[in-house]
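Below: the structure, in structure tokens.
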Amino acid sequence: MNGPTHLAVGLLKKPHGVKGDALVYPLTDEPETVLRVGRILAVLDRDGRPTGAEVVVTKSRWYHRAWLVHFEGMEDRNALDALRERYLGLAVGEARPLEPGEFYLHELVGLRVETKEGEAVGDVTAVVEAPQGWLLNVKGPAREHLIPFTAGVVRRVDRAKKLVVVTPPAGLLEI
């Protein structure tokens, strides 16, 4: 099989309280679906590969900008400490089919980046999460660029053509 077997859908940051709840930052637009009761999630390593461990969601609810999630068999903070800073993954086959224009972040790596005028910028080497939002790390022939992944800058992602079209702010590509 080409590509990942699991999609990272959450980052378990830390235990919350003393009764086995965990603070999970969702990495999906649909956390209420992905973190639903009964969902089985794989524990992923930092590279997104399954570790062999799985967790089953028994309770979940929105909490500020994150979710509080309780997993089957984890009734105190100590049980969760081993999962701190680990990604939680959904099997690819369990994810809903993508609509036209949708994509997964991992699919951006390797895509060619051009300006809307057709000028080559480079290739996406990584998608980086920064406090202000997602950034595309683009390696060009002369230098690397960090391009904000926002609607005003990224105009189109074409999975079929393996292309990202951007309108960078003035001077960004000269930095």
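We name chains A, B, ... following the order of the structure tokens; residues begin at 1 in each chain, and ligands are numbered from 1 as shown.
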Neighbouring residues of A:Ile147 were defined as those with any atom within 8 Å, considering only C-alpha atoms; residues of the same chain fewer than 6 positions away were excluded. Please report them as an MDAnalysis selection string. chainID A and resid 135:138 153 168 172
Distance query A:Val55 at most 12 Å, only C-alpha atoms, self and fewer than 6 positions along chain excluded, as a compact mmCIF listing (two decimals) with N, CA, C and O atoms, in the first residue's frame:
```txt
# COMPACT_ATOMS: atom_id res chain seq x y z
N LEU A 12 -2.39 13.99 21.60
CA LEU A 12 -2.68 13.89 23.03
C LEU A 12 -1.60 14.69 23.76
O LEU A 12 -0.46 14.28 23.82
N ALA A 22 -7.98 13.14 29.09
CA ALA A 22 -6.80 13.62 28.37
C ALA A 22 -7.18 14.85 27.55
O ALA A 22 -8.27 14.91 26.98
N LEU A 35 -13.58 11.84 17.15
CA LEU A 35 -13.37 11.52 18.56
C LEU A 35 -14.67 11.06 19.23
O LEU A 35 -14.85 11.23 20.42
N VAL A 37 -17.62 8.55 20.79
CA VAL A 37 -17.60 7.39 21.69
C VAL A 37 -17.60 6.11 20.85
O VAL A 37 -18.34 5.98 19.86
N GLY A 38 -16.73 5.19 21.23
CA GLY A 38 -16.61 3.91 20.53
C GLY A 38 -15.51 3.88 19.48
O GLY A 38 -15.14 2.81 19.00
N ARG A 39 -15.00 5.03 19.11
CA ARG A 39 -13.96 5.10 18.07
C ARG A 39 -12.67 4.46 18.58
O ARG A 39 -12.22 4.72 19.69
N ILE A 40 -12.07 3.62 17.76
CA ILE A 40 -10.77 3.02 18.06
C ILE A 40 -9.72 3.82 17.30
O ILE A 40 -9.81 3.99 16.08
N LEU A 41 -8.74 4.32 18.03
CA LEU A 41 -7.66 5.11 17.44
C LEU A 41 -6.32 4.44 17.71
O LEU A 41 -6.10 3.91 18.79
N ALA A 42 -5.46 4.48 16.72
CA ALA A 42 -4.11 3.94 16.88
C ALA A 42 -3.22 5.01 17.50
O ALA A 42 -3.39 6.20 17.24
N VAL A 43 -2.29 4.59 18.33
CA VAL A 43 -1.27 5.50 18.87
C VAL A 43 -0.14 5.51 17.84
O VAL A 43 0.37 4.46 17.45
N LEU A 44 0.22 6.71 17.39
CA LEU A 44 1.24 6.87 16.36
C LEU A 44 2.53 7.42 16.96
O LEU A 44 2.49 8.16 17.94
N VAL A 69 -10.94 13.95 26.35
CA VAL A 69 -11.29 12.60 25.90
C VAL A 69 -10.91 11.62 27.00
O VAL A 69 -9.88 11.74 27.64
N HIS A 70 -11.79 10.63 27.22
CA HIS A 70 -11.51 9.55 28.16
C HIS A 70 -11.43 8.26 27.36
O HIS A 70 -12.25 8.02 26.47
N PHE A 71 -10.43 7.44 27.68
CA PHE A 71 -10.21 6.19 26.96
C PHE A 71 -10.48 5.00 27.86
O PHE A 71 -10.21 5.04 29.07
N GLU A 72 -10.98 3.96 27.26
CA GLU A 72 -11.29 2.71 27.96
C GLU A 72 -10.06 2.20 28.70
O GLU A 72 -8.96 2.13 28.14
N GLY A 73 -10.22 1.86 29.99
CA GLY A 73 -9.15 1.28 30.79
C GLY A 73 -8.13 2.26 31.34
O GLY A 73 -7.19 1.85 32.01
N MET A 74 -8.30 3.54 31.07
CA MET A 74 -7.34 4.54 31.57
C MET A 74 -8.08 5.41 32.57
O MET A 74 -8.72 6.39 32.20
N ALA A 79 -1.80 6.38 33.78
CA ALA A 79 -2.00 5.57 32.59
C ALA A 79 -1.82 6.40 31.32
O ALA A 79 -1.38 5.88 30.29
N LEU A 80 -2.12 7.68 31.39
CA LEU A 80 -2.02 8.56 30.22
C LEU A 80 -0.62 9.12 30.00
O LEU A 80 -0.31 9.57 28.89
N LEU A 83 1.28 8.23 26.97
CA LEU A 83 0.76 8.71 25.69
C LEU A 83 0.96 10.21 25.48
O LEU A 83 0.58 10.75 24.44
N ARG A 86 1.78 12.18 22.05
CA ARG A 86 1.66 11.18 20.98
C ARG A 86 0.49 11.55 20.08
O ARG A 86 -0.51 12.09 20.52
N TYR A 87 0.63 11.20 18.82
CA TYR A 87 -0.47 11.40 17.87
C TYR A 87 -1.43 10.24 17.95
O TYR A 87 -1.04 9.10 18.24
N LEU A 88 -2.69 10.53 17.68
CA LEU A 88 -3.73 9.51 17.58
C LEU A 88 -4.15 9.43 16.13
O LEU A 88 -4.35 10.46 15.47
N GLY A 89 -4.27 8.21 15.63
CA GLY A 89 -4.53 8.03 14.21
C GLY A 89 -5.78 7.24 13.91
O GLY A 89 -6.14 6.31 14.63
N LEU A 90 -6.44 7.62 12.84
CA LEU A 90 -7.62 6.94 12.33
C LEU A 90 -7.19 6.14 11.12
O LEU A 90 -6.46 6.65 10.25
```
Contact residues around A:Ala66 with only C-alpha atoms at 7 Å, ignoring same-chain residues under 4 positions, as an MDAnalysis selection string: chainID A and resid 23:26 62
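Those residues that approach A:His145 to within 12 Å, counting only C-alpha atoms, are A:Val113, A:Val121, A:Gly122, A:Asp123, A:Val124, A:Thr125, A:Ala126, A:Val127, A:Val128, A:Leu135, A:Leu136, A:Asn137, A:Val138, A:Lys139, A:Gly140, A:Pro141, A:Pro168, A:Gly171, A:Leu172, A:Leu173, A:Glu174, A:Ile175; same-chain residues fewer than 4 positions away are not listed.
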Hey, what does DSSP flag as strand (DSSP E) within chain A? Can you give it to me as a ChimeraX atom specification? /A:6-16,21-26,40-44,50-63,66-71,86-91,112-115,120-130,133-139,144-148,154-158,163-166
Determine which residues of stretch 44-113 of chain A DSSP labels as alpha helix (DSSP H) from the backbone of this structure, then write them out as a list in words.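 Residues of stretch 44-113 of chain A classed as alpha helix (DSSP H): Arg77, Asn78, Ala79, Leu80 and Asp81 of chain A.
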Quick one: residues within 10 Å of A:Thr115, only C-alpha atoms counted, chain neighbours fewer than 3 positions away excluded, as a ChimeraX atom specification? /A:118-121,153-155,164-168
Output N, CA, C and O atoms of each residue in that selection to a file, as a compact mmCIF listing (two decimals), in the first residue's frame.
```txt
# COMPACT_ATOMS: atom_id res chain seq x y z
N GLY A 118 2.40 31.53 -13.01
CA GLY A 118 3.10 30.38 -13.57
C GLY A 118 4.58 30.32 -13.25
O GLY A 118 5.29 29.44 -13.73
N GLU A 119 5.08 31.24 -12.42
CA GLU A 119 6.49 31.25 -12.03
C GLU A 119 6.76 30.14 -11.01
O GLU A 119 6.07 30.04 -10.00
N ALA A 120 7.75 29.29 -11.30
CA ALA A 120 8.10 28.20 -10.39
C ALA A 120 8.70 28.75 -9.10
O ALA A 120 9.58 29.62 -9.13
N VAL A 121 8.21 28.25 -7.96
CA VAL A 121 8.74 28.65 -6.65
C VAL A 121 9.59 27.52 -6.08
O VAL A 121 10.65 27.76 -5.51
N VAL A 153 -3.17 33.51 0.41
CA VAL A 153 -1.87 33.20 -0.20
C VAL A 153 -1.96 31.94 -1.06
O VAL A 153 -1.54 31.94 -2.22
N VAL A 154 -2.50 30.87 -0.52
CA VAL A 154 -2.65 29.63 -1.29
C VAL A 154 -3.98 29.70 -2.03
O VAL A 154 -5.04 29.68 -1.42
N ARG A 155 -3.90 29.82 -3.34
CA ARG A 155 -5.10 30.00 -4.16
C ARG A 155 -5.74 28.69 -4.57
O ARG A 155 -6.95 28.60 -4.70
N VAL A 164 0.49 23.36 -6.27
CA VAL A 164 -0.05 24.36 -5.36
C VAL A 164 0.19 25.72 -6.03
O VAL A 164 1.32 26.03 -6.40
N VAL A 165 -0.88 26.49 -6.19
CA VAL A 165 -0.78 27.82 -6.79
C VAL A 165 -0.88 28.85 -5.67
O VAL A 165 -1.81 28.80 -4.86
N VAL A 166 0.09 29.77 -5.63
CA VAL A 166 0.14 30.77 -4.56
C VAL A 166 0.20 32.18 -5.12
O VAL A 166 0.63 32.40 -6.24
N THR A 167 -0.25 33.11 -4.30
CA THR A 167 -0.07 34.54 -4.52
C THR A 167 0.65 35.06 -3.28
O THR A 167 -0.01 35.46 -2.30
N PRO A 168 1.98 35.00 -3.27
CA PRO A 168 2.72 35.38 -2.06
C PRO A 168 2.65 36.89 -1.83
O PRO A 168 2.58 37.67 -2.78
```
Measuring atom to atom with only C-alpha atoms, identify which of A:Leu68, A:Leu7, A:Leu163, A:Val18 is nearest to A:Arg36.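 Distance minimum relative to A:Arg36 lands on A:Leu68.
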